[in-house]
Amino acid sequence: MNVGQGALAADKARALALTPVSRETETLLDSFVETLLLATEHQNLIGPSTIPTVWTRHVADSLQILDLAPDAKTWVDFGTGAGFPGIPIACALKDRPGAMIHLVESVGKKAAFLRDAVAATGVPAQVHHMRAEDFPASHGDSVDVVTARAVSPLKVLFELAFPLITRGAVGLFPKGQDVDAELTEAARYWIIEAKKAPSKTSPEGAIVIVTGLTPRRGR
């Protein structure tokens with residue numbers, strides 16, 4: 001899909017009005033989006049219909065999570081795929097001492113793209129080519145935030161994130177219009193300490209903020 005630069009610029013302006021960033025972060029995001037759009041020409045990274053709104057649909061949707069954990073330094077992003085939300089977060093935190101974003105991706109081609117994107121931007125991120133369920137056992141350091149976007153229902157995400165949340169991480173999971181149904185289903189298996197924050201980019205969406213999980217007996 002060929003998208004005019006004017007349309008992309010307009011979408012970028014809308015996105016950065018929703019989630020303002022520094023000029024330095026904007027430059028990094030420009031590099032990332034350019035890398036993403038070039039790679040998308042020969043690899044299925046984002047849906048073709050979302051390319052004209054890549055800034056609002058993907059970049060701003062990722063950046064808004066930062067406001068919910070402003071002091072966090074160590075992030076884990078399960079199923080990073082095309083780089084969301086992990087790489088925009090890494091762009092915003094590049095100059096924060098000690099910041100590190102762990103990008104966990106099981107698909108080899110997507111992991112290779114993520115390495116290219118990290119190299120192009122120089123952000124503080126590390127790509128882990130592995131399944132999300134294998135990451136907690138292989139990573140013993142403390143984690144401030146675990147996140148995932150457009151990967152799995154909350155019931156599955158809670159299974160993946162539980163080992164990190166029990167170590168003190170906060171779960172931040174952007175969800176769409178089915179968020180309440182997903183929470184209801186997950187509550188059959190988990191005692192959930194959570195609240196919702198409204199999405200800046202999707203009127204029907206929310207970000208689920210999880211501070212505690214306890215497995216229900218007999219689940």
# chains A, B, ... in the order shown; residues from 1 in each chain; ligands from 1

call {"tool": "residues_around", "arguments": {"residues": "A:Thr121", "least_positions_apart": "6", "cutoff": "7 Å", "atoms": "only C-alpha atoms", "output": "compact mmCIF listing (two decimals) with all heavy atoms, in the first residue's frame"}}
result
# COMPACT_ATOMS: atom_id res chain seq x y z
N LEU A 28 13.56 9.52 17.05
CA LEU A 28 13.69 8.06 17.15
C LEU A 28 12.46 7.36 16.61
O LEU A 28 12.56 6.35 15.90
CB LEU A 28 13.92 7.66 18.61
CG LEU A 28 15.25 8.08 19.25
CD1 LEU A 28 15.24 7.75 20.73
CD2 LEU A 28 16.42 7.42 18.56
N SER A 31 12.50 7.24 12.89
CA SER A 31 13.39 6.19 12.37
C SER A 31 12.72 4.83 12.47
O SER A 31 12.82 4.01 11.55
CB SER A 31 14.71 6.19 13.15
OG SER A 31 15.42 7.39 12.96
N PHE A 32 12.04 4.60 13.59
CA PHE A 32 11.38 3.31 13.77
C PHE A 32 10.26 3.12 12.75
O PHE A 32 10.14 2.07 12.12
CB PHE A 32 10.83 3.19 15.19
CG PHE A 32 9.90 2.03 15.37
CD1 PHE A 32 10.31 0.74 15.05
CD2 PHE A 32 8.61 2.21 15.84
CE1 PHE A 32 9.45 -0.35 15.19
CE2 PHE A 32 7.75 1.14 15.99
CZ PHE A 32 8.16 -0.14 15.66

call {"tool": "residues_around", "arguments": {"residues": "A:Pro52", "least_positions_apart": "2", "cutoff": "7 Å", "atoms": "only C-alpha atoms", "output": "VMD selection string"}}
result
chain A and resid 3 7 to 8 50 54

call {"tool": "residues_around", "arguments": {"residues": "stretch 73-82 of chain A", "least_positions_apart": "3", "cutoff": "7 Å", "atoms": "only C-alpha atoms", "output": "list of chain:residue names"}}
result
A:Leu45, A:Ile46, A:Pro85, A:Gly86, A:Gly98, A:Ala99, A:Met100, A:Ile101, A:His102, A:Leu103, A:Val104, A:Glu105, A:Lys110, A:Ala132, A:Val143, A:Asp144, A:Val145, A:Val146, A:Thr147, A:Ala148, A:Val151

call {"tool": "closest_residue", "arguments": {"among": "A:Leu172, A:Val210, A:Ala13, A:Ala194", "to": "A:Ala69", "atoms": "only C-alpha atoms"}}
result
A:Leu172

call {"tool": "atom_distance", "arguments": {"atom1": "atom CA of A:Gly4", "atom2": "atom CA of A:Glu204"}}
result
28.5 Å

call {"tool": "closest_residue", "arguments": {"among": "A:Asp30, A:Glu182, A:Glu193, A:Glu41", "to": "A:Lys12", "atoms": "only C-alpha atoms"}}
result
A:Asp30

call {"tool": "residues_around", "arguments": {"residues": "stretch 87-96 of chain A", "least_positions_apart": "6", "cutoff": "8 Å", "atoms": "only C-alpha atoms", "output": "ChimeraX atom specification"}}
result
/A:21,25,28-29,32,59,62-63,66,73,118,121,123-125

call {"tool": "write_last_selection", "arguments": {"atoms": "N, CA, C and O atoms", "output": "PDB file, in the first residue's frame"}}
result
ATOM      1  N   VAL A  21       5.711  13.922  22.999  1.00  0.00           N
ATOM      2  CA  VAL A  21       7.045  13.424  23.323  1.00  0.00           C
ATOM      3  C   VAL A  21       8.062  14.527  23.037  1.00  0.00           C
ATOM      4  O   VAL A  21       7.752  15.535  22.395  1.00  0.00           O
ATOM      5  N   THR A  25      12.811  12.089  21.166  1.00  0.00           N
ATOM      6  CA  THR A  25      11.996  10.882  21.045  1.00  0.00           C
ATOM      7  C   THR A  25      11.276  10.855  19.705  1.00  0.00           C
ATOM      8  O   THR A  25      11.175   9.797  19.055  1.00  0.00           O
ATOM      9  N   LEU A  28      13.557   9.518  17.054  1.00  0.00           N
ATOM     10  CA  LEU A  28      13.689   8.058  17.153  1.00  0.00           C
ATOM     11  C   LEU A  28      12.456   7.357  16.607  1.00  0.00           C
ATOM     12  O   LEU A  28      12.558   6.349  15.902  1.00  0.00           O
ATOM     13  N   LEU A  29      11.299   7.886  16.931  1.00  0.00           N
ATOM     14  CA  LEU A  29      10.060   7.289  16.426  1.00  0.00           C
ATOM     15  C   LEU A  29       9.983   7.376  14.909  1.00  0.00           C
ATOM     16  O   LEU A  29       9.514   6.447  14.248  1.00  0.00           O
ATOM     17  N   PHE A  32      12.045   4.598  13.587  1.00  0.00           N
ATOM     18  CA  PHE A  32      11.379   3.315  13.767  1.00  0.00           C
ATOM     19  C   PHE A  32      10.255   3.123  12.754  1.00  0.00           C
ATOM     20  O   PHE A  32      10.144   2.067  12.118  1.00  0.00           O
ATOM     21  N   VAL A  59       1.571   3.678  17.265  1.00  0.00           N
ATOM     22  CA  VAL A  59       2.583   4.398  18.056  1.00  0.00           C
ATOM     23  C   VAL A  59       1.964   5.057  19.279  1.00  0.00           C
ATOM     24  O   VAL A  59       2.397   4.830  20.416  1.00  0.00           O
ATOM     25  N   SER A  62       0.716   2.752  21.894  1.00  0.00           N
ATOM     26  CA  SER A  62       1.800   2.206  22.716  1.00  0.00           C
ATOM     27  C   SER A  62       2.306   3.231  23.732  1.00  0.00           C
ATOM     28  O   SER A  62       2.503   2.915  24.909  1.00  0.00           O
ATOM     29  N   LEU A  63       2.527   4.465  23.273  1.00  0.00           N
ATOM     30  CA  LEU A  63       3.103   5.494  24.144  1.00  0.00           C
ATOM     31  C   LEU A  63       2.217   5.815  25.341  1.00  0.00           C
ATOM     32  O   LEU A  63       2.727   6.175  26.416  1.00  0.00           O
ATOM     33  N   LEU A  66       2.967   4.592  28.949  1.00  0.00           N
ATOM     34  CA  LEU A  66       4.020   5.175  29.786  1.00  0.00           C
ATOM     35  C   LEU A  66       3.464   5.981  30.949  1.00  0.00           C
ATOM     36  O   LEU A  66       4.036   5.990  32.044  1.00  0.00           O
ATOM     37  N   LYS A  73      11.582   1.449  34.835  1.00  0.00           N
ATOM     38  CA  LYS A  73      12.791   1.379  34.010  1.00  0.00           C
ATOM     39  C   LYS A  73      12.884   0.064  33.230  1.00  0.00           C
ATOM     40  O   LYS A  73      13.351   0.048  32.097  1.00  0.00           O
ATOM     41  N   VAL A 118      15.825  -2.169  16.512  1.00  0.00           N
ATOM     42  CA  VAL A 118      16.629  -1.734  17.658  1.00  0.00           C
ATOM     43  C   VAL A 118      17.952  -1.147  17.180  1.00  0.00           C
ATOM     44  O   VAL A 118      18.415  -0.109  17.680  1.00  0.00           O
ATOM     45  N   THR A 121      17.440   2.396  15.650  1.00  0.00           N
ATOM     46  CA  THR A 121      17.097   3.461  16.586  1.00  0.00           C
ATOM     47  C   THR A 121      18.098   3.615  17.728  1.00  0.00           C
ATOM     48  O   THR A 121      18.188   4.682  18.336  1.00  0.00           O
ATOM     49  N   VAL A 123      17.879   2.166  20.608  1.00  0.00           N
ATOM     50  CA  VAL A 123      17.138   2.259  21.866  1.00  0.00           C
ATOM     51  C   VAL A 123      17.591   1.175  22.843  1.00  0.00           C
ATOM     52  O   VAL A 123      18.159   0.157  22.443  1.00  0.00           O
ATOM     53  N   PRO A 124      17.307   1.375  24.146  1.00  0.00           N
ATOM     54  CA  PRO A 124      17.723   0.393  25.149  1.00  0.00           C
ATOM     55  C   PRO A 124      16.759  -0.788  25.196  1.00  0.00           C
ATOM     56  O   PRO A 124      15.889  -0.880  26.062  1.00  0.00           O
ATOM     57  N   ALA A 125      16.904  -1.668  24.237  1.00  0.00           N
ATOM     58  CA  ALA A 125      16.011  -2.823  24.152  1.00  0.00           C
ATOM     59  C   ALA A 125      16.816  -4.063  23.803  1.00  0.00           C
ATOM     60  O   ALA A 125      17.828  -3.985  23.107  1.00  0.00           O
TER      61      ALA A 125
END

call {"tool": "closest_residue", "arguments": {"among": "A:Gly171, A:Arg217, A:Pro97, A:Pro20", "to": "A:Lys195", "atoms": "only C-alpha atoms"}}
result
A:Gly171

call {"tool": "select_by_dssp", "arguments": {"residues": "stretch 8-149 of chain A", "states": "helix (DSSP H, G or I)", "output": "PyMOL selection string"}}
result
chain A and resi 8-18+23-40+48-68+86-92+108-121+132-138

call {"tool": "atom_distance", "arguments": {"atom1": "atom CA of A:Asp116", "atom2": "atom CA of A:Leu36"}}
result
9.5 Å

call {"tool": "residues_around", "arguments": {"residues": "A:Gln64", "least_positions_apart": "2", "cutoff": "8 Å", "atoms": "only C-alpha atoms", "output": "ChimeraX atom specification"}}
result
/A:19,60-62,66-68,199-200

call {"tool": "write_last_selection", "arguments": {"atoms": "N, CA, C and O atoms", "output": "PDB file, in the first residue's frame"}}
result
ATOM      1  N   THR A  19      -0.280  11.949  22.589  1.00  0.00           N
ATOM      2  CA  THR A  19       0.810  11.461  23.445  1.00  0.00           C
ATOM      3  C   THR A  19       2.073  12.261  23.133  1.00  0.00           C
ATOM      4  O   THR A  19       2.954  11.790  22.410  1.00  0.00           O
ATOM      5  N   ALA A  60       0.938   5.879  19.076  1.00  0.00           N
ATOM      6  CA  ALA A  60       0.314   6.550  20.221  1.00  0.00           C
ATOM      7  C   ALA A  60      -0.337   5.551  21.167  1.00  0.00           C
ATOM      8  O   ALA A  60      -0.311   5.722  22.391  1.00  0.00           O
ATOM      9  N   ASP A  61      -0.921   4.502  20.602  1.00  0.00           N
ATOM     10  CA  ASP A  61      -1.551   3.476  21.429  1.00  0.00           C
ATOM     11  C   ASP A  61      -0.528   2.822  22.356  1.00  0.00           C
ATOM     12  O   ASP A  61      -0.863   2.396  23.464  1.00  0.00           O
ATOM     13  N   SER A  62       0.716   2.752  21.894  1.00  0.00           N
ATOM     14  CA  SER A  62       1.800   2.206  22.716  1.00  0.00           C
ATOM     15  C   SER A  62       2.306   3.231  23.732  1.00  0.00           C
ATOM     16  O   SER A  62       2.503   2.915  24.909  1.00  0.00           O
ATOM     17  N   LEU A  66       2.967   4.592  28.949  1.00  0.00           N
ATOM     18  CA  LEU A  66       4.020   5.175  29.786  1.00  0.00           C
ATOM     19  C   LEU A  66       3.464   5.981  30.949  1.00  0.00           C
ATOM     20  O   LEU A  66       4.036   5.990  32.044  1.00  0.00           O
ATOM     21  N   ASP A  67       2.369   6.677  30.726  1.00  0.00           N
ATOM     22  CA  ASP A  67       1.805   7.528  31.783  1.00  0.00           C
ATOM     23  C   ASP A  67       1.343   6.723  32.991  1.00  0.00           C
ATOM     24  O   ASP A  67       1.199   7.276  34.082  1.00  0.00           O
ATOM     25  N   LEU A  68       1.111   5.434  32.801  1.00  0.00           N
ATOM     26  CA  LEU A  68       0.624   4.593  33.892  1.00  0.00           C
ATOM     27  C   LEU A  68       1.754   4.014  34.736  1.00  0.00           C
ATOM     28  O   LEU A  68       1.501   3.418  35.788  1.00  0.00           O
ATOM     29  N   SER A 199      -8.577   4.385  27.433  1.00  0.00           N
ATOM     30  CA  SER A 199      -7.623   4.520  26.338  1.00  0.00           C
ATOM     31  C   SER A 199      -7.717   5.919  25.737  1.00  0.00           C
ATOM     32  O   SER A 199      -8.811   6.461  25.559  1.00  0.00           O
ATOM     33  N   LYS A 200      -6.565   6.491  25.392  1.00  0.00           N
ATOM     34  CA  LYS A 200      -6.535   7.790  24.727  1.00  0.00           C
ATOM     35  C   LYS A 200      -6.793   7.666  23.225  1.00  0.00           C
ATOM     36  O   LYS A 200      -7.114   8.648  22.564  1.00  0.00           O
TER      37      LYS A 200
END

call {"tool": "atom_distance", "arguments": {"atom1": "atom CA of A:Ala206", "atom2": "atom CA of A:Val179"}}
result
7.1 Å

call {"tool": "decode", "arguments": {"residues": "stretch 109-152 of chain A", "atoms": "C-alpha atoms", "output": "PDB file, in the first residue's frame"}}
result
ATOM      1  CA  LYS A 109      11.227 -13.365  11.156  1.00  0.00           C
ATOM      2  CA  LYS A 110       9.602 -10.915  13.539  1.00  0.00           C
ATOM      3  CA  ALA A 111      12.457 -11.255  16.018  1.00  0.00           C
ATOM      4  CA  ALA A 112      14.890 -10.495  13.173  1.00  0.00           C
ATOM      5  CA  PHE A 113      12.883  -7.382  12.282  1.00  0.00           C
ATOM      6  CA  LEU A 114      12.954  -6.273  15.912  1.00  0.00           C
ATOM      7  CA  ARG A 115      16.735  -6.578  15.984  1.00  0.00           C
ATOM      8  CA  ASP A 116      16.912  -4.406  12.859  1.00  0.00           C
ATOM      9  CA  ALA A 117      14.610  -1.823  14.437  1.00  0.00           C
ATOM     10  CA  VAL A 118      16.629  -1.734  17.658  1.00  0.00           C
ATOM     11  CA  ALA A 119      19.814  -1.273  15.634  1.00  0.00           C
ATOM     12  CA  ALA A 120      18.242   1.504  13.550  1.00  0.00           C
ATOM     13  CA  THR A 121      17.097   3.461  16.586  1.00  0.00           C
ATOM     14  CA  GLY A 122      19.754   2.597  19.158  1.00  0.00           C
ATOM     15  CA  VAL A 123      17.138   2.259  21.866  1.00  0.00           C
ATOM     16  CA  PRO A 124      17.723   0.393  25.149  1.00  0.00           C
ATOM     17  CA  ALA A 125      16.011  -2.823  24.152  1.00  0.00           C
ATOM     18  CA  GLN A 126      16.955  -6.482  23.987  1.00  0.00           C
ATOM     19  CA  VAL A 127      15.263  -8.986  21.694  1.00  0.00           C
ATOM     20  CA  HIS A 128      14.534 -12.449  23.078  1.00  0.00           C
ATOM     21  CA  HIS A 129      13.609 -15.004  20.417  1.00  0.00           C
ATOM     22  CA  MET A 130      11.583 -17.311  22.629  1.00  0.00           C
ATOM     23  CA  ARG A 131       8.080 -18.161  23.768  1.00  0.00           C
ATOM     24  CA  ALA A 132       6.653 -15.798  26.362  1.00  0.00           C
ATOM     25  CA  GLU A 133       6.095 -18.586  28.891  1.00  0.00           C
ATOM     26  CA  ASP A 134       9.837 -19.349  28.844  1.00  0.00           C
ATOM     27  CA  PHE A 135      10.979 -15.818  29.635  1.00  0.00           C
ATOM     28  CA  PRO A 136      10.324 -15.586  33.415  1.00  0.00           C
ATOM     29  CA  ALA A 137      12.451 -18.654  34.171  1.00  0.00           C
ATOM     30  CA  SER A 138      15.319 -17.385  32.021  1.00  0.00           C
ATOM     31  CA  HIS A 139      15.320 -13.845  33.396  1.00  0.00           C
ATOM     32  CA  GLY A 140      15.969 -13.499  37.098  1.00  0.00           C
ATOM     33  CA  ASP A 141      16.301  -9.720  37.299  1.00  0.00           C
ATOM     34  CA  SER A 142      13.527  -7.593  38.729  1.00  0.00           C
ATOM     35  CA  VAL A 143      10.930  -6.245  36.307  1.00  0.00           C
ATOM     36  CA  ASP A 144       8.854  -3.103  36.812  1.00  0.00           C
ATOM     37  CA  VAL A 145       6.228  -3.610  34.113  1.00  0.00           C
ATOM     38  CA  VAL A 146       5.019  -6.509  31.978  1.00  0.00           C
ATOM     39  CA  THR A 147       2.890  -5.601  28.981  1.00  0.00           C
ATOM     40  CA  ALA A 148       1.475  -7.091  25.803  1.00  0.00           C
ATOM     41  CA  ARG A 149      -0.631  -5.672  23.015  1.00  0.00           C
ATOM     42  CA  ALA A 150      -2.965  -7.558  20.670  1.00  0.00           C
ATOM     43  CA  VAL A 151      -1.475 -10.922  21.661  1.00  0.00           C
ATOM     44  CA  SER A 152      -3.950 -12.991  23.692  1.00  0.00           C
TER      45      SER A 152
END
